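As stored in input-v5.cif (mmCIF, C-alpha atoms):
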data_coords
loop_
_atom_site.label_atom_id
_atom_site.label_comp_id
_atom_site.auth_asym_id
_atom_site.auth_seq_id
_atom_site.Cartn_x
_atom_site.Cartn_y
_atom_site.Cartn_z
CA MET A 1 -12.52 40.10 -160.85
CA ALA A 2 -10.50 37.19 -162.20
CA SER A 3 -7.59 35.93 -160.11
CA TRP A 4 -4.29 35.25 -161.80
CA THR A 5 -2.42 32.02 -161.09
CA VAL A 6 0.73 30.43 -162.45
CA ASP A 7 0.33 26.93 -163.87
CA GLU A 8 2.92 24.13 -163.78
CA ALA A 9 4.48 25.33 -167.03
CA GLY A 10 5.06 28.76 -165.54
CA ALA A 11 2.44 30.52 -167.67
CA LEU A 12 -0.15 32.87 -166.23
CA SER A 13 -3.71 31.57 -166.11
CA THR A 14 -7.03 33.05 -165.04
CA LEU A 15 -8.50 29.62 -164.28
CA ASP A 16 -8.70 28.69 -160.62
CA PRO A 17 -6.53 25.54 -160.10
CA ALA A 18 -9.12 24.12 -157.71
CA ARG A 19 -11.83 24.64 -160.30
CA ARG A 20 -9.66 23.13 -163.01
CA ARG A 21 -9.03 20.05 -160.87
CA HIS A 22 -12.76 19.77 -160.13
CA ASP A 23 -13.69 19.99 -163.81
CA GLU A 24 -11.05 17.42 -164.77
CA LEU A 25 -12.26 14.87 -162.22
CA GLU A 26 -15.91 15.45 -163.07
CA SER A 27 -15.16 15.02 -166.77
CA GLN A 28 -13.67 11.60 -166.00
CA ARG A 29 -16.69 10.48 -163.97
CA GLY A 30 -18.78 8.28 -166.25
CA SER A 31 -16.70 9.18 -169.31
CA PRO A 32 -16.84 6.46 -172.04
CA THR A 33 -13.32 7.34 -173.19
CA PHE A 34 -11.95 7.11 -169.67
CA LEU A 35 -13.82 3.81 -169.25
CA LEU A 36 -12.07 2.32 -172.29
CA TRP A 37 -8.70 3.33 -170.86
CA LEU A 38 -9.61 1.82 -167.50
CA CYS A 39 -10.79 -1.42 -169.13
CA PHE A 40 -7.49 -1.73 -170.99
CA ARG A 41 -5.45 -1.14 -167.84
CA PHE A 42 -7.64 -3.51 -165.84
CA ALA A 43 -7.36 -6.27 -168.46
CA VAL A 44 -3.56 -5.95 -168.62
CA PHE A 45 -3.41 -5.86 -164.82
CA VAL A 46 -5.36 -9.12 -164.49
CA ALA A 47 -3.36 -10.71 -167.34
CA CYS A 48 -0.10 -9.83 -165.57
CA ALA A 49 -1.50 -11.29 -162.36
CA ALA A 50 -2.39 -14.51 -164.19
CA LEU A 51 1.06 -14.67 -165.79
CA LEU A 52 2.61 -14.08 -162.38
CA GLY A 53 0.58 -16.95 -160.94
CA TYR A 54 1.58 -19.19 -163.85
CA GLY A 55 5.27 -18.43 -163.37
CA LEU A 56 5.10 -18.97 -159.62
CA ALA A 57 3.45 -22.34 -160.24
CA CYS A 58 6.29 -23.33 -162.57
CA VAL A 59 8.78 -22.49 -159.83
CA ALA A 60 6.67 -24.45 -157.34
CA ASP A 61 6.78 -27.46 -159.67
CA ILE A 62 10.58 -27.45 -159.57
CA PHE A 63 10.61 -27.49 -155.77
CA ARG A 64 7.86 -30.11 -155.78
CA HIS A 65 9.97 -32.49 -157.84
CA ALA A 66 12.99 -31.75 -155.67
CA VAL A 67 10.98 -33.18 -152.78
CA ILE A 68 9.28 -36.16 -154.42
CA ASP A 69 11.95 -37.26 -156.94
CA THR A 70 15.63 -38.01 -156.67
CA ALA A 71 15.90 -37.73 -160.46
CA PHE A 72 13.45 -35.84 -162.65
CA ALA A 73 11.38 -37.74 -165.15
CA ASP A 74 12.56 -35.42 -167.89
CA GLU A 75 15.49 -33.17 -167.05
CA ALA A 76 15.12 -31.29 -170.34
CA ARG A 77 12.09 -29.50 -168.91
CA PHE A 78 14.19 -28.06 -166.11
CA ASP A 79 17.19 -27.34 -168.32
CA GLU A 80 14.90 -24.93 -170.16
CA ALA A 81 13.76 -23.30 -166.93
CA PRO A 82 15.72 -20.04 -167.45
CA THR A 83 13.66 -19.35 -170.58
CA TRP A 84 10.48 -18.96 -168.52
CA LEU A 85 11.78 -18.00 -165.11
CA TRP A 86 11.62 -14.36 -166.22
CA TRP A 87 7.82 -14.60 -166.32
CA PRO A 88 7.28 -13.91 -162.61
CA PHE A 89 9.60 -10.91 -162.73
CA GLY A 90 8.13 -9.42 -165.91
CA ALA A 91 4.60 -10.13 -164.76
CA ALA A 92 5.26 -8.60 -161.35
CA PHE A 93 6.59 -5.46 -163.04
CA GLY A 94 3.47 -5.17 -165.21
CA TYR A 95 1.27 -5.97 -162.22
CA VAL A 96 2.71 -3.04 -160.29
CA LEU A 97 2.95 -0.70 -163.29
CA PHE A 98 -0.67 -1.06 -164.36
CA GLY A 99 -1.99 -1.37 -160.80
CA ILE A 100 -0.54 1.90 -159.49
CA GLY A 101 -3.34 4.43 -159.13
CA MET A 102 -5.86 2.09 -160.75
CA SER A 103 -8.11 1.95 -157.70
CA HIS A 104 -8.11 5.74 -157.41
CA ASP A 105 -8.94 6.17 -161.11
CA LEU A 106 -11.76 3.63 -160.85
CA ALA A 107 -13.13 5.49 -157.86
CA THR A 108 -13.01 8.75 -159.82
CA PHE A 109 -14.87 7.16 -162.74
CA LEU A 110 -17.53 5.73 -160.44
CA GLY A 111 -17.80 8.90 -158.36
CA ARG A 112 -16.66 7.09 -155.22
CA HIS A 113 -14.14 8.06 -152.60
CA ARG A 114 -12.47 4.67 -153.00
CA CYS A 115 -13.08 1.17 -154.37
CA PRO A 116 -12.70 -1.08 -151.32
CA GLY A 117 -10.62 -4.16 -152.10
CA LEU A 118 -11.46 -4.26 -155.81
CA MET A 119 -7.92 -4.32 -157.20
CA ALA A 120 -6.68 -6.72 -154.53
CA ALA A 121 -9.50 -9.16 -155.30
CA ALA A 122 -8.98 -8.87 -159.07
CA GLY A 123 -5.23 -9.37 -158.76
CA TRP A 124 -5.60 -12.37 -156.47
CA ALA A 125 -8.18 -13.89 -158.83
CA GLY A 126 -5.72 -13.52 -161.71
CA ILE A 127 -2.95 -15.19 -159.72
CA THR A 128 -5.32 -18.02 -158.79
CA LEU A 129 -6.29 -18.54 -162.43
CA GLY A 130 -2.69 -18.57 -163.66
CA PHE A 131 -1.49 -20.90 -160.92
CA SER A 132 -4.38 -23.33 -161.44
CA VAL A 133 -3.86 -23.48 -165.21
CA SER A 134 -0.14 -24.13 -164.73
CA THR A 135 -0.78 -27.11 -162.44
CA LEU A 136 -2.55 -28.86 -165.33
CA ASN A 137 0.83 -29.06 -167.08
CA TRP A 138 2.85 -30.24 -164.11
CA TRP A 139 4.90 -33.35 -164.74
CA PRO A 140 4.06 -36.49 -162.77
CA PRO A 141 6.65 -38.01 -160.42
CA ALA A 142 8.95 -40.78 -161.60
CA GLN A 143 7.11 -43.14 -159.28
CA VAL A 144 4.26 -42.43 -156.90
CA GLY A 145 5.17 -43.20 -153.31
CA ALA A 146 8.92 -43.61 -153.71
CA ALA A 147 12.00 -41.71 -154.85
CA ILE A 148 14.37 -43.68 -157.07
CA ASP A 149 18.12 -43.33 -156.73
CA PRO A 150 19.48 -42.94 -160.29
CA VAL A 151 22.71 -44.80 -159.45
CA THR A 152 21.66 -47.72 -157.30
CA LEU A 153 18.06 -47.78 -158.55
CA THR A 154 16.92 -48.29 -154.98
CA GLU A 155 13.58 -46.93 -153.85
CA THR A 156 13.12 -44.68 -150.84
CA PRO A 157 9.55 -44.36 -149.53
CA TRP A 158 8.16 -40.85 -149.54
CA SER A 159 8.18 -38.85 -146.34
CA PRO A 160 5.04 -37.00 -145.18
CA LEU A 161 6.53 -33.83 -146.71
CA ALA A 162 6.84 -35.59 -150.07
CA TRP A 163 3.18 -36.58 -149.96
CA VAL A 164 2.26 -32.97 -149.21
CA GLY A 165 4.35 -31.92 -152.20
CA TYR A 166 2.70 -34.56 -154.39
CA TYR A 167 -0.77 -33.18 -153.70
CA THR A 168 0.35 -29.56 -154.12
CA GLU A 169 -1.42 -29.40 -157.46
CA ILE A 170 -4.69 -29.97 -155.60
CA TRP A 171 -4.51 -28.20 -152.26
CA ILE A 172 -2.78 -24.99 -153.35
CA PRO A 173 -5.33 -24.18 -156.13
CA LEU A 174 -8.14 -25.01 -153.69
CA LEU A 175 -6.60 -22.73 -151.07
CA LEU A 176 -6.20 -19.96 -153.64
CA LEU A 177 -9.79 -20.45 -154.79
CA VAL A 178 -11.13 -20.20 -151.24
CA THR A 179 -9.13 -17.05 -150.48
CA THR A 180 -10.20 -15.53 -153.80
CA GLY A 181 -13.83 -16.21 -152.96
CA ALA A 182 -13.34 -14.58 -149.56
CA ALA A 183 -11.69 -11.53 -151.16
CA VAL A 184 -14.46 -11.17 -153.74
CA SER A 185 -17.14 -11.58 -151.07
CA ARG A 186 -15.49 -8.93 -148.91
CA THR A 187 -15.26 -6.56 -151.89
CA VAL A 188 -18.92 -7.04 -152.82
CA SER A 189 -19.93 -6.47 -149.21
CA GLY A 190 -17.83 -3.31 -149.08
CA PHE A 191 -19.42 -1.96 -152.26
CA ARG A 192 -22.90 -2.65 -150.93
CA ARG A 193 -22.20 -0.74 -147.73
CA GLN A 194 -20.63 2.03 -149.74
CA ASN A 195 -23.69 2.28 -152.01
CA VAL A 196 -25.74 3.30 -148.98
CA GLN A 197 -23.22 6.04 -148.22
CA LEU A 198 -23.22 7.23 -151.83
CA ALA A 199 -27.00 7.50 -151.86
CA GLU A 200 -26.84 9.61 -148.70
CA ARG A 201 -24.04 11.75 -150.15
CA ASP A 202 -25.98 12.44 -153.34
CA ARG A 203 -29.03 13.37 -151.30
CA LEU A 204 -27.01 15.79 -149.19
CA LEU A 205 -25.31 17.33 -152.22
CA ALA A 206 -28.79 18.27 -153.41
CA ARG A 207 -30.47 19.18 -150.11
CA GLY A 208 -27.82 19.17 -147.40
CA LEU A 209 -25.81 21.96 -145.81
CA ARG A 210 -22.17 22.64 -146.68
CA VAL A 211 -20.02 24.64 -144.25
CA PRO A 212 -16.30 25.34 -143.86
CA GLY A 213 -14.37 23.04 -141.56
CA ILE A 214 -11.27 23.61 -139.46
CA ILE A 215 -8.62 20.92 -139.03
CA ALA A 216 -8.15 20.52 -135.29
CA ASP A 217 -5.70 17.61 -135.30
CA VAL A 218 -3.73 15.50 -137.78
CA ASN A 219 -2.40 12.03 -137.03
CA VAL A 220 -0.04 10.64 -139.68
CA LEU A 221 -0.13 6.85 -139.99
CA VAL A 222 3.07 5.18 -141.18
CA ASP A 223 3.96 1.65 -142.18
CA SER A 224 6.66 -0.35 -140.42
CA PRO A 225 10.10 1.27 -140.85
CA GLN A 226 12.34 -0.22 -143.52
CA GLU A 227 15.89 -1.42 -142.91
CA ASP A 228 17.25 1.95 -144.03
CA GLY A 229 15.00 3.72 -141.54
CA SER A 230 12.64 5.16 -144.14
CA VAL A 231 8.88 4.95 -143.71
CA SER A 232 5.92 5.37 -146.02
CA ILE A 233 2.68 7.15 -145.20
CA ALA A 234 -0.21 4.71 -144.90
CA GLY A 235 -2.80 7.41 -144.36
CA ILE A 236 -3.74 10.49 -142.39
CA ASP A 237 -6.40 10.74 -139.71
CA ALA A 238 -7.63 14.33 -139.72
CA THR A 239 -9.98 15.60 -137.02
CA VAL A 240 -12.19 18.38 -138.34
CA THR A 241 -14.37 20.75 -136.36
CA PHE A 242 -17.38 22.57 -137.79
CA THR A 243 -20.41 24.50 -136.60
CA ASP A 244 -23.89 23.27 -137.49
CA ALA A 245 -26.98 25.38 -138.24
CA GLN A 246 -27.83 25.63 -134.52
CA GLY A 247 -24.40 27.01 -133.67
CA VAL A 248 -23.19 23.79 -132.05
CA THR A 249 -19.52 22.93 -132.59
CA ARG A 250 -18.94 19.34 -133.65
CA TRP A 251 -15.90 17.16 -134.39
CA VAL A 252 -15.45 14.36 -136.90
CA THR A 253 -12.40 12.32 -137.90
CA ARG A 254 -11.77 11.14 -141.43
CA ARG A 255 -9.07 8.93 -142.92
CA VAL A 256 -7.24 10.53 -145.84
CA PRO A 257 -5.55 7.87 -148.04
CA SER A 258 -1.95 8.42 -149.01
CA LEU A 259 -3.01 8.89 -152.65
CA HIS A 260 -4.64 12.15 -151.64
CA ARG A 261 -2.63 15.19 -150.71
CA ALA A 262 -2.34 16.07 -147.04
CA PRO A 263 -5.22 18.26 -145.85
CA ASP A 264 -4.54 21.99 -145.62
CA GLN A 265 -6.21 24.62 -143.52
CA GLY A 266 -8.67 26.78 -145.41
CA THR A 267 -9.70 24.10 -147.91
CA THR A 268 -11.75 21.76 -145.71
CA GLN A 269 -15.51 21.55 -146.20
CA VAL A 270 -18.15 19.59 -144.33
CA LEU A 271 -21.41 18.34 -145.82
CA PHE A 272 -24.16 17.23 -143.42
CA ASP A 273 -27.88 16.94 -142.86
CA PRO A 274 -29.05 20.10 -141.03
CA GLU A 275 -31.92 18.13 -139.51
CA ARG A 276 -29.54 15.46 -138.16
CA PRO A 277 -26.22 17.24 -137.61
CA GLY A 278 -25.07 14.66 -135.08
CA ASP A 279 -25.58 11.65 -137.35
CA GLU A 280 -22.05 10.47 -138.16
CA GLY A 281 -23.26 8.51 -141.17
CA SER A 282 -24.65 11.70 -142.72
CA ILE A 283 -21.47 13.75 -142.39
CA PHE A 284 -19.04 13.96 -145.29
CA VAL A 285 -15.73 15.81 -145.34
CA ALA A 286 -13.74 17.08 -148.32
CA PHE A 287 -10.20 18.43 -148.08
CA HIS A 288 -10.41 20.46 -151.27
CA ARG A 289 -11.60 24.00 -151.83
CA ASN A 290 -13.68 22.96 -154.83
CA PRO A 291 -14.35 19.26 -154.21
CA ALA A 292 -15.37 16.83 -156.90
CA THR A 293 -18.03 14.22 -156.24
CA SER A 294 -15.42 11.59 -155.38
CA ASP A 295 -13.66 13.87 -152.86
CA TRP A 296 -16.34 13.60 -150.18
CA ILE A 297 -15.12 11.19 -147.48
CA PRO A 298 -17.81 9.29 -145.54
CA ASP A 299 -17.75 7.80 -142.06
CA ASP A 300 -14.43 6.02 -141.50
CA SER A 301 -16.07 3.28 -139.46
CA VAL A 302 -17.49 1.76 -142.66
CA ARG A 303 -14.49 0.13 -144.33
#

What's the structure tokens form of this structure?
Amino acid sequence: MASWTVDEAGALSTLDPARRRHDELESQRGSPTFLLWLCFRFAVFVACAALLGYGLACVADIFRHAVIDTAFADEARFDEAPTWLWWPFGAAFGYVLFGIGMSHDLATFLGRHRCPGLMAAAGWAGITLGFSVSTLNWWPPAQVGAAIDPVTLTETPWSPLAWVGYYTEIWIPLLLLVTTGAAVSRTVSGFRRQNVQLAERDRLLARGLRVPGIIADVNVLVDSPQEDGSVSIAGIDATVTFTDAQGVTRWVTRRVPSLHRAPDQGTTQVLFDPERPGDEGSIFVAFHRNPATSDWIPDDSVR
């Protein structure tokens, strides 16, 4: 017998909301149309990151000349500064706008629970590119090694800070490049570890055992409180208990990202290998009544 539900528009529907959600997520997994939309968002996201890096470099150039020069070589460049100072703000807005939910959507497309560090690495790479390109257009100092007083025309030797500022166009891009390489390396390593989990998950979806789980404990993780006292949820650690094929009760803890809804009783499911029920790496938990492929959460120790 069909069950009647009320959708968001207030109309009656015979389609199970959990099933509808499952079908929607599964239709997005590997979808060429969804891929095109993701590619567009990803390209704009990286472009905004590059524009943000370019704008920040322009601001850095102003402070650089404030340290190494008493008078700028060409003040017209800085008189026009307000025309491009909006770049960092506009780029930051686009960076956030197109980045929100992007990692979750990519994970859905790839059939993964999450994409570890991908968006952070891509964004940082864009900032590095924009900053490095901007340094190619930085103006040279009026005189290397000395600041010239525009009134008396006397020269003041540069301080150590001025020399640091002079070489900013070299050491900051190098620092950004090194950190970008580290972020990309960490992301690739995370994806490789995750691929092992995904292979195990797919094997268990075909030949494993799925049983209901009971949430025994929930620990809400919050970020540092803001000045107004408000806090944001960083994640939820849910401890789930289940009974294996031999009747043994077991407990596992899984981290639920803030992008996912809080786990509810009656919807939790556990997927495991009946021949190795105690193997933590072969236990997956889903906090949905009809979980999609990307809903299965693997061992939290692999991050």

For Ala120 in chain A, please output as a PyMOL selection string all residues within 10 Å (counting all atoms listed in the file; exclusion window: fewer than 6 positions along the same chain).
chain A and resi 99+103+126+180+183-184+187

Atoms to include: C-alpha atoms. Write the selected residues as a PDB file, in the coordinates of the input.
ATOM      1  CA  GLY A  99      -1.990  -1.370-160.800  1.00  0.00           C
ATOM      2  CA  SER A 103      -8.110   1.950-157.700  1.00  0.00           C
ATOM      3  CA  GLY A 126      -5.720 -13.520-161.710  1.00  0.00           C
ATOM      4  CA  THR A 180     -10.200 -15.530-153.800  1.00  0.00           C
ATOM      5  CA  ALA A 183     -11.690 -11.530-151.160  1.00  0.00           C
ATOM      6  CA  VAL A 184     -14.460 -11.170-153.740  1.00  0.00           C
ATOM      7  CA  THR A 187     -15.260  -6.560-151.890  1.00  0.00           C
TER       8      THR A 187
END

State, in Å with one decimal place, the distance from CA of Gly117 in chain A to CA of Arg21 in chain A.
25.8 Å

What does the PyMOL selection byres ((chain A and resi 248-253) around 12) select in this file, as a CSV table (one decimal) with C-alpha atoms, in the frame of the given file?
chain,number,residue,atom,x,y,z
A,211,VAL,CA,-20.0,24.6,-144.2
A,212,PRO,CA,-16.3,25.3,-143.9
A,213,GLY,CA,-14.4,23.0,-141.6
A,214,ILE,CA,-11.3,23.6,-139.5
A,215,ILE,CA,-8.6,20.9,-139.0
A,216,ALA,CA,-8.2,20.5,-135.3
A,217,ASP,CA,-5.7,17.6,-135.3
A,218,VAL,CA,-3.7,15.5,-137.8
A,219,ASN,CA,-2.4,12.0,-137.0
A,236,ILE,CA,-3.7,10.5,-142.4
A,237,ASP,CA,-6.4,10.7,-139.7
A,238,ALA,CA,-7.6,14.3,-139.7
A,239,THR,CA,-10.0,15.6,-137.0
A,240,VAL,CA,-12.2,18.4,-138.3
A,241,THR,CA,-14.4,20.8,-136.4
A,242,PHE,CA,-17.4,22.6,-137.8
A,243,THR,CA,-20.4,24.5,-136.6
A,244,ASP,CA,-23.9,23.3,-137.5
A,245,ALA,CA,-27.0,25.4,-138.2
A,246,GLN,CA,-27.8,25.6,-134.5
A,247,GLY,CA,-24.4,27.0,-133.7
A,254,ARG,CA,-11.8,11.1,-141.4
A,255,ARG,CA,-9.1,8.9,-142.9
A,256,VAL,CA,-7.2,10.5,-145.8
A,269,GLN,CA,-15.5,21.6,-146.2
A,270,VAL,CA,-18.2,19.6,-144.3
A,271,LEU,CA,-21.4,18.3,-145.8
A,272,PHE,CA,-24.2,17.2,-143.4
A,274,PRO,CA,-29.0,20.1,-141.0
A,277,PRO,CA,-26.2,17.2,-137.6
A,278,GLY,CA,-25.1,14.7,-135.1
A,279,ASP,CA,-25.6,11.6,-137.4
A,280,GLU,CA,-22.0,10.5,-138.2
A,281,GLY,CA,-23.3,8.5,-141.2
A,282,SER,CA,-24.6,11.7,-142.7
A,283,ILE,CA,-21.5,13.8,-142.4
A,284,PHE,CA,-19.0,14.0,-145.3
A,285,VAL,CA,-15.7,15.8,-145.3
A,286,ALA,CA,-13.7,17.1,-148.3
A,297,ILE,CA,-15.1,11.2,-147.5
A,298,PRO,CA,-17.8,9.3,-145.5
A,299,ASP,CA,-17.8,7.8,-142.1
A,300,ASP,CA,-14.4,6.0,-141.5
A,301,SER,CA,-16.1,3.3,-139.5

Evaluate the PyMOL selection byres ((chain A and resi 134-150) around 10) against this structure - the residues, as a ChimeraX atom specification, please.
/A:50-51,53-58,60-62,64-65,67-74,77,128-133,151-159,162-163,166,168-170,172-173

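The coordinates place CA of Gly94 in chain A at 26.5 Å from CA of Phe191 in chain A.
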
Nearest to Arg289 in chain A, chosen from A:Ala18, A:Ala107, A:Met102, A:Ala121, with all atoms listed in the file counted in the distances
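For Arg289 in chain A, the nearest of the candidates is A:Ala18.
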
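Distance annotation: of A:Val196, A:Leu174, A:Ile100, A:Leu25, the residue with the minimal separation from Ala292 in chain A is A:Leu25; atom set is only C-alpha atoms.
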
Specify as a ChimeraX atom specification each residue included when the PyMOL selection byres ((chain A and resi 115) around 12) is applied to this file.
/A:101-114,116-122,186-195,257,294,303

Report, in Å with one decimal, the straight-line distance from CA of Phe34 in chain A to CA of Arg20 in chain A.
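So the two atoms, CA of Phe34 in chain A and CA of Arg20 in chain A, lie 17.5 Å apart.
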
Smallest atom-to-atom distance to Thr293 in chain A: which of A:Ser232, A:Thr33, A:Leu204, A:Phe40, using all atoms listed in the file?
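For Thr293 in chain A, the nearest of the given residues is A:Leu204.
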